[in-house]
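*Asks:* Structure file query_11.txt (compact mmCIF, C-alpha atoms) right here:
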```
# COMPACT_ATOMS: atom_id res chain seq x y z
CA MET A 1 -20.21 -16.23 12.18
CA ILE A 2 -18.50 -13.25 13.73
CA GLU A 3 -20.83 -10.49 14.92
CA LYS A 4 -20.81 -6.95 13.59
CA GLY A 5 -18.56 -4.59 15.49
CA ILE A 6 -14.86 -3.93 15.98
CA HIS A 7 -12.83 -6.86 17.27
CA LEU A 8 -9.17 -7.48 18.08
CA LEU A 9 -8.06 -11.09 17.75
CA ALA A 10 -7.30 -12.39 21.24
CA ASP A 11 -6.63 -15.97 20.06
CA GLU A 12 -4.01 -16.86 17.47
CA LEU A 13 -5.54 -17.97 14.19
CA GLU A 14 -1.93 -18.07 13.03
CA PRO A 15 1.35 -17.35 14.88
CA GLY A 16 1.52 -13.71 15.95
CA ALA A 17 -2.01 -12.81 14.90
CA ALA A 18 -3.39 -12.37 18.44
CA VAL A 19 -3.19 -8.86 19.85
CA THR A 20 -4.39 -7.17 23.05
CA PRO A 21 -5.38 -3.49 23.25
CA ASP A 22 -2.11 -2.73 25.07
CA GLU A 23 -0.03 -4.55 22.44
CA LEU A 24 -1.88 -2.75 19.68
CA ALA A 25 -1.24 0.62 21.30
CA GLN A 26 2.48 -0.20 21.49
CA ALA A 27 2.68 -1.29 17.84
CA HIS A 28 2.57 2.30 16.52
CA PRO A 29 1.28 5.70 17.73
CA LEU A 30 -1.52 5.62 15.12
CA TRP A 31 -2.80 2.37 16.60
CA GLY A 32 -2.47 3.99 20.02
CA LEU A 33 -4.98 6.63 18.93
CA ASP A 34 -7.39 3.86 17.96
CA VAL A 35 -7.05 1.98 21.23
CA GLN A 36 -7.73 5.17 23.20
CA GLY A 37 -10.51 6.47 20.94
CA LEU A 38 -12.41 3.19 20.74
CA ALA A 39 -12.19 2.21 24.44
CA PRO A 40 -13.56 0.50 26.43
CA TRP A 41 -12.52 -2.94 25.15
CA VAL A 42 -14.23 -6.07 26.49
CA ARG A 43 -13.04 -9.63 25.97
CA ARG A 44 -15.78 -11.77 24.39
CA ARG A 45 -16.22 -15.10 22.62
CA GLN A 46 -16.92 -14.99 18.90
CA SER A 47 -17.87 -17.76 16.49
CA PHE A 48 -15.43 -18.31 13.61
CA GLY A 49 -17.09 -20.97 11.50
CA GLY A 50 -16.76 -24.13 13.56
CA GLU A 51 -14.43 -22.51 16.08
CA HIS A 52 -15.04 -20.25 19.06
CA LEU A 53 -12.29 -17.73 19.66
CA ASP A 54 -11.80 -14.81 22.00
CA CYS A 55 -11.73 -11.23 20.78
CA TRP A 56 -11.35 -7.82 22.37
CA THR A 57 -14.47 -5.94 21.29
CA SER A 58 -14.91 -2.16 21.29
CA GLU A 59 -18.03 -0.94 23.09
CA ALA A 60 -17.60 2.62 21.84
CA VAL A 61 -18.69 2.32 18.20
CA GLU A 62 -21.49 0.61 16.31
CA ILE A 63 -20.88 -0.41 12.72
CA ALA A 64 -22.96 -2.41 10.25
CA TRP A 65 -20.30 -5.06 9.58
CA PRO A 66 -17.54 -6.90 11.43
CA VAL A 67 -14.10 -5.28 11.39
CA LEU A 68 -11.39 -7.59 12.69
CA VAL A 69 -7.88 -6.44 13.66
CA SER A 70 -5.00 -8.91 13.56
CA GLY A 71 -1.53 -8.59 14.99
CA PRO A 72 1.47 -9.25 12.72
CA CYS A 73 0.45 -11.94 10.24
CA GLY A 74 1.42 -13.38 6.89
CA SER A 75 -1.19 -11.40 4.95
CA SER A 76 -4.57 -9.85 5.77
CA MET A 77 -5.77 -11.25 2.42
CA ASP A 78 -4.77 -14.82 3.29
CA LEU A 79 -6.32 -14.54 6.75
CA ALA A 80 -9.57 -13.23 5.24
CA TRP A 81 -9.70 -16.06 2.69
CA ARG A 82 -9.15 -18.60 5.46
CA LEU A 83 -12.05 -17.23 7.53
CA ALA A 84 -14.28 -16.85 4.47
CA ALA A 85 -13.69 -20.52 3.60
CA GLN A 86 -14.92 -21.41 7.11
CA ASN A 87 -18.06 -19.28 6.63
CA ALA A 88 -16.88 -17.14 9.52
CA LEU A 89 -17.09 -13.79 7.73
CA PRO A 90 -20.29 -12.29 6.29
CA PRO A 91 -20.03 -10.13 3.14
CA TRP A 92 -18.69 -6.62 3.75
CA SER A 93 -16.52 -7.78 6.66
CA SER A 94 -12.96 -6.53 6.73
CA ILE A 95 -9.66 -7.52 8.31
CA LEU A 96 -6.85 -5.11 9.16
CA ALA A 97 -3.33 -6.30 9.97
CA VAL A 98 -0.83 -4.42 12.13
CA SER A 99 1.92 -5.63 9.80
CA GLN A 100 2.44 -8.33 7.18
CA GLN A 101 5.30 -10.65 6.39
CA CYS A 102 3.92 -11.63 2.97
CA GLY A 103 1.89 -8.62 1.84
CA ARG A 104 1.27 -8.61 -1.91
CA GLY A 105 0.29 -6.25 -4.67
CA GLN A 106 -0.44 -6.71 -8.35
CA THR A 107 1.11 -9.78 -10.02
CA ARG A 108 1.91 -10.95 -6.45
CA ARG A 109 4.69 -8.38 -6.03
CA HIS A 110 5.82 -8.00 -2.43
CA TRP A 111 4.12 -5.12 -0.57
CA ASP A 112 6.34 -3.68 2.15
CA SER A 113 4.20 -3.81 5.32
CA PRO A 114 5.71 -2.35 8.52
CA PRO A 115 3.50 -1.16 11.40
CA GLY A 116 1.95 2.28 10.94
CA ASN A 117 0.28 1.82 7.55
CA LEU A 118 -3.12 0.47 6.52
CA TYR A 119 -3.35 -3.14 5.30
CA ALA A 120 -6.99 -4.08 4.79
CA ALA A 121 -8.84 -7.01 3.24
CA TRP A 122 -12.49 -6.25 2.49
CA LEU A 123 -14.84 -9.11 1.59
CA TRP A 124 -17.45 -8.43 -1.11
CA PRO A 125 -20.17 -10.66 -2.55
CA ARG A 126 -19.84 -11.42 -6.25
CA LEU A 127 -20.83 -8.41 -8.36
CA PRO A 128 -23.56 -8.55 -11.02
CA GLU A 129 -22.17 -9.83 -14.33
CA GLN A 130 -22.03 -6.43 -16.04
CA TRP A 131 -19.76 -5.13 -13.26
CA THR A 132 -17.43 -8.10 -12.85
CA ARG A 133 -14.73 -6.91 -15.25
CA LEU A 134 -14.78 -3.48 -13.63
CA ALA A 135 -14.31 -4.78 -10.08
CA SER A 136 -10.75 -3.53 -9.66
CA LEU A 137 -11.59 -0.09 -11.02
CA LEU A 138 -14.72 0.06 -8.86
CA ALA A 139 -12.80 -0.77 -5.69
CA GLY A 140 -10.08 1.76 -6.43
CA TYR A 141 -12.58 4.45 -7.35
CA ILE A 142 -14.86 4.19 -4.30
CA LEU A 143 -11.92 4.08 -1.88
CA CYS A 144 -10.22 6.99 -3.61
CA LYS A 145 -13.44 9.04 -3.50
CA ALA A 146 -13.91 8.31 0.21
CA LEU A 147 -10.27 9.20 0.94
CA GLN A 148 -10.51 12.49 -0.99
CA VAL A 149 -12.38 13.96 2.00
CA TYR A 150 -8.96 13.97 3.70
CA VAL A 151 -6.67 14.09 0.64
CA PRO A 152 -8.50 16.22 -1.96
CA ASP A 153 -5.86 15.96 -4.71
CA LEU A 154 -5.65 12.17 -4.68
CA ARG A 155 -5.70 10.57 -8.15
CA MET A 156 -5.84 7.09 -9.68
CA LYS A 157 -3.02 5.63 -11.76
CA TRP A 158 -4.71 3.07 -14.02
CA PRO A 159 -5.63 0.47 -13.18
CA ASN A 160 -5.45 0.54 -9.36
CA ASP A 161 -2.72 2.67 -7.76
CA LEU A 162 -3.36 5.81 -5.72
CA LEU A 163 -1.17 8.85 -6.37
CA HIS A 164 -0.59 11.92 -4.23
CA GLY A 165 1.32 14.34 -6.41
CA ASP A 166 3.75 12.15 -8.32
CA ALA A 167 4.12 9.59 -5.51
CA LYS A 168 2.34 6.28 -5.12
CA VAL A 169 0.73 6.18 -1.68
CA GLY A 170 -1.57 3.18 -2.02
CA GLY A 171 -2.86 0.36 -4.13
CA VAL A 172 -5.82 -1.94 -4.61
CA LEU A 173 -5.76 -5.68 -5.29
CA VAL A 174 -8.91 -7.69 -6.15
CA GLU A 175 -9.00 -11.48 -5.89
CA GLU A 176 -11.96 -13.72 -6.75
CA ARG A 177 -12.90 -17.16 -5.40
CA LYS A 178 -16.25 -18.86 -5.97
CA ASP A 179 -18.96 -16.31 -5.14
CA LEU A 180 -16.77 -13.83 -3.30
CA LEU A 181 -14.43 -10.97 -4.10
CA LEU A 182 -11.70 -9.88 -1.73
CA VAL A 183 -10.50 -6.29 -2.04
CA GLY A 184 -7.03 -5.70 -0.67
CA PHE A 185 -6.20 -2.07 0.13
CA GLY A 186 -2.78 -0.85 1.17
CA LEU A 187 -2.22 2.78 2.13
CA ASN A 188 1.04 4.35 3.29
CA LEU A 189 0.03 6.49 6.26
CA SER A 190 3.28 6.95 8.15
CA SER A 191 6.08 5.45 6.03
CA ALA A 192 6.98 4.35 2.53
CA PRO A 193 9.69 2.17 0.99
CA GLY A 194 12.88 4.02 0.06
CA PRO A 195 14.20 4.04 -3.51
CA GLN A 196 16.50 1.12 -2.70
CA ASP A 197 13.48 -1.01 -1.72
CA MET A 198 11.42 -0.32 -4.83
CA ARG A 199 11.23 -2.86 -7.62
CA ALA A 200 13.38 -2.26 -10.70
CA GLY A 201 11.51 -0.20 -13.27
CA ALA A 202 9.02 1.34 -10.83
CA VAL A 203 7.52 4.44 -12.43
CA ALA A 204 6.37 6.45 -9.39
CA PRO A 205 8.34 6.91 -6.18
CA ALA A 206 6.65 5.73 -2.99
CA GLY A 207 5.15 8.37 -0.73
CA HIS A 208 3.07 8.51 2.43
CA LEU A 209 0.29 10.60 3.97
CA SER A 210 1.77 11.39 7.36
CA SER A 211 0.73 15.02 6.89
CA LEU A 212 -2.96 14.10 7.29
CA GLY A 213 -2.74 15.31 10.87
CA HIS A 214 -6.13 14.06 12.09
CA ASP A 215 -6.86 12.84 15.59
CA PHE A 216 -7.74 9.29 14.58
CA GLY A 217 -5.59 6.31 13.79
CA ILE A 218 -5.45 3.54 11.21
CA LEU A 219 -8.64 1.81 12.30
CA GLY A 220 -10.35 5.15 12.76
CA LEU A 221 -9.55 6.07 9.17
CA TRP A 222 -10.81 2.73 7.86
CA LEU A 223 -14.11 3.21 9.72
CA ARG A 224 -14.44 6.61 8.02
CA LEU A 225 -13.81 5.09 4.58
CA ILE A 226 -15.85 1.90 4.33
CA THR A 227 -19.35 3.33 4.93
CA PRO A 228 -19.14 6.13 2.31
CA ALA A 229 -17.31 3.74 -0.05
CA TYR A 230 -20.10 1.17 0.33
CA ARG A 231 -22.76 3.82 -0.32
CA GLU A 232 -20.88 5.04 -3.38
CA LEU A 233 -20.74 1.48 -4.70
CA GLU A 234 -24.50 1.12 -4.25
CA ARG A 235 -25.08 4.41 -6.06
CA ILE A 236 -22.84 3.42 -8.96
CA GLN A 237 -24.46 0.02 -9.43
CA ALA A 238 -27.88 1.66 -9.64
CA GLY A 239 -26.65 3.18 -12.91
CA GLU A 240 -24.89 1.84 -15.99
CA PRO A 241 -21.22 0.83 -16.34
CA CYS A 242 -20.68 3.50 -19.01
CA GLN A 243 -21.72 6.18 -16.51
CA PHE A 244 -19.23 4.85 -13.96
CA VAL A 245 -16.41 4.80 -16.52
CA ARG A 246 -16.99 8.48 -17.31
CA SER A 247 -16.83 9.29 -13.59
CA MET A 248 -13.71 7.18 -13.18
CA GLU A 249 -11.99 9.16 -15.93
CA GLU A 250 -12.22 12.29 -13.80
CA LEU A 251 -9.77 10.72 -11.32
CA LEU A 252 -7.43 9.33 -13.97
CA ALA A 253 -3.85 10.57 -13.68
CA TRP A 254 -2.26 11.95 -16.88
CA ARG A 255 -5.50 12.00 -18.85
CA GLY A 256 -4.94 14.09 -21.97
CA SER A 257 -1.16 13.86 -21.61
CA ARG A 258 1.49 12.14 -23.69
CA VAL A 259 2.53 8.88 -22.10
CA ARG A 260 4.52 5.75 -22.80
CA ILE A 261 2.92 2.38 -22.06
CA ARG A 262 5.30 -0.42 -21.12
CA GLU A 263 3.62 -3.71 -22.08
CA THR A 264 4.77 -6.97 -20.53
CA GLY A 265 6.88 -8.79 -23.09
CA GLU A 266 5.54 -6.63 -25.96
CA GLY A 267 7.72 -3.53 -25.92
CA GLU A 268 6.34 -0.01 -25.54
CA ARG A 269 3.65 2.21 -27.03
CA LEU A 270 3.68 5.99 -27.31
CA GLY A 271 0.56 8.16 -27.46
CA THR A 272 -1.94 10.40 -25.69
CA LEU A 273 -3.95 8.93 -22.84
CA ILE A 274 -7.56 9.61 -23.85
CA GLY A 275 -9.47 7.87 -21.11
CA LEU A 276 -11.19 4.52 -20.57
CA SER A 277 -13.25 2.17 -22.69
CA GLU A 278 -16.63 0.98 -21.40
CA ASP A 279 -15.08 -2.27 -20.17
CA GLY A 280 -12.29 -0.51 -18.29
CA GLY A 281 -9.51 -0.69 -20.85
CA LEU A 282 -7.10 2.20 -21.35
CA ARG A 283 -7.69 4.27 -24.50
CA LEU A 284 -4.47 5.44 -26.11
CA ALA A 285 -4.33 7.70 -29.18
CA GLU A 286 -1.33 6.66 -31.28
CA ASP A 287 -0.23 8.12 -34.60
CA ALA A 288 -1.80 5.12 -36.34
CA GLY A 289 -5.11 5.46 -34.49
CA GLU A 290 -6.72 4.64 -31.17
CA GLN A 291 -5.80 1.50 -29.23
CA VAL A 292 -7.45 -0.04 -26.16
CA LEU A 293 -5.05 -1.69 -23.73
CA TYR A 294 -5.85 -4.01 -20.84
CA SER A 295 -2.42 -4.32 -19.23
CA GLY A 296 0.77 -2.34 -19.04
CA THR A 297 2.52 0.35 -17.04
CA ILE A 298 1.88 4.04 -17.71
CA ILE A 299 4.98 6.24 -17.86
CA PRO A 300 4.30 9.99 -18.12
CA LEU A 301 6.47 11.98 -20.52
```
Spell out the structure here as structure tokens.
*Replies:*
Amino acid sequence: MIEKGIHLLADELEPGAAVTPDELAQAHPLWGLDVQGLAPWVRRRQSFGGEHLDCWTSEAVEIAWPVLVSGPCGSSMDLAWRLAAQNALPPWSSILAVSQQCGRGQTRRHWDSPPGNLYAAWLWPRLPEQWTRLASLLAGYILCKALQVYVPDLRMKWPNDLLHGDAKVGGVLVEERKDLLLVGFGLNLSSAPGPQDMRAGAVAPAGHLSSLGHDFGILGLWLRLITPAYRELERIQAGEPCQFVRSMEELLAWRGSRVRIRETGEGERLGTLIGLSEDGGLRLAEDAGEQVLYSGTIIPL
């Protein structure tokens, strides 16, 4: 099993996935900040399940879990699932990809993934039963709260998009297999798809956070997010789901506003967005009374 620490893949688990510190620095200036800030890098053997592969390991930072950086790959999620299936990744490990050819969002929509943005897959153990249905909201909430240190006005678009102003700058995807959850997190740090690249019917334009202006890169930001996010998750699970839902409502975009909900194959609903039900559904006040919805796209009026 891979050791805790920060590792760059030096061997190719799939075509293109291997990356050296020099190649990483050349991929994008934000990665260049990481290579410089986390030097020195030492080449070491790591155990990946039944395989032994080389990695470039940072000797500058200690961290409680493994963080693995891949070069261009199909998907950080797919790579994480592959390693998890080989028992190569302990819980709370994460994989970051420089770029993705097959990045995905909700309902397996394509996620545009050029170099310069954050594409992370974060492996969780299965949550206690009372939290399972709230997993997607939990992941979005703890990452949004951690990121608010740098972007104070960040908000959540139910169920799992991150908004800065009116623009979507990130999203969360949760997948479950056996006793594991995999949290995918995409964040536009330096670029965003143009209007011509957005899917038909997209509600929010895509934006990015290039104005952050800090002296750390993509990996540096991830290292600053996962520890406070993990601690926030521990704090939340020490309480009750209803308490978390009330906290989640504070980040909810358009709460108290008139909205239209576009339901897949079921037309549209019009009402006031009240908040969330205890199981994470969206509470909508219609003329005929309150409804709780579990899918659909929110369109502000």
*Asks:* When you draw a straight line from CA of Asp34 (chain A) to CA of Gly213 (chain A), how long is it in Å?
*Replies:* 14.2 Å
*Asks:* Could you list, as a PyMOL selection string, every residue within 12 Å of region 60-65 of chain A, counting all atoms listed in the file and ignoring same-chain residues fewer than 3 positions away?
*Replies:* chain A and resi 1-7+34-42+57+68+89-95+122-124+219-220+222-224+226-227+230
*Asks:* Restricting the calculation to all atoms listed in the file: of A:Leu189, A:Ala85, A:Ala97, A:Val149, which residue gets closest to Ala18 (chain A)?
*Replies:*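 Smallest separation from Ala18 (chain A) among the options: A:Ala97.
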*Asks:* Can you tell me how far CA of Asp22 (chain A) sits from CA of Ser70 (chain A), in Å to one decimal?
*Replies:*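 If I compute the distance from CA of Asp22 (chain A) to CA of Ser70 (chain A), I get 13.4 Å.
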*Asks:* Which residue gives the smallest distance to Ala25 (chain A) among A:Ala135, A:Ala229, A:Ile218, A:Ala192, with all atoms listed in the file counted?
*Replies:* A:Ile218
*Asks:* Identify which of the residues A:Gln237, A:Thr20, A:Ser247, A:Thr297 lies closest to Arg260 (chain A), counting all atoms listed in the file when measuring atom-to-atom distances.
*Replies:* A:Thr297
*Asks:* For a test of reading the model, state the distance in Å between CA of Glu23 (chain A) and CA of Asn117 (chain A), rounded to one decimal.
*Replies:*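 These atoms are spaced 16.2 Å apart.
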*Asks:* Which residue, A:Gly280, A:Gly16, A:Pro128, A:Gly265, has the smallest gap to Leu180 (chain A) when you use all atoms listed in the file?
*Replies:*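 Of A:Gly280, A:Gly16, A:Pro128, A:Gly265, the one nearest Leu180 (chain A), counting all atoms listed in the file, is A:Pro128.
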*Asks:* Would you please work out which residue, of A:Leu182, A:Leu252, A:Leu96, A:Ala84, is nearest to Val19 (chain A) when using all atoms listed in the file?
*Replies:*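 Under the stated criterion, the closest residue is A:Leu96.
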*Asks:* Given the point (4.4, -14.4, 7.0) in the coordinates of this file, which residues lie within 10 Å, counting all atoms listed in the file, and how would they look as a list of chain:residue names?
*Replies:*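 Here is the list of nearby residues: A:Glu14, A:Pro15, A:Gly16, A:Pro72, A:Cys73, A:Gly74, A:Ser75, A:Asp78, A:Ser99, A:Gln100, A:Gln101, A:Cys102, A:Gly103.
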*Asks:* Calculated over only C-alpha atoms, which of the candidates A:Phe244, A:Leu233, A:Arg269, A:Gly171 has the smallest distance to Leu118 (chain A)?
*Replies:* A:Gly171
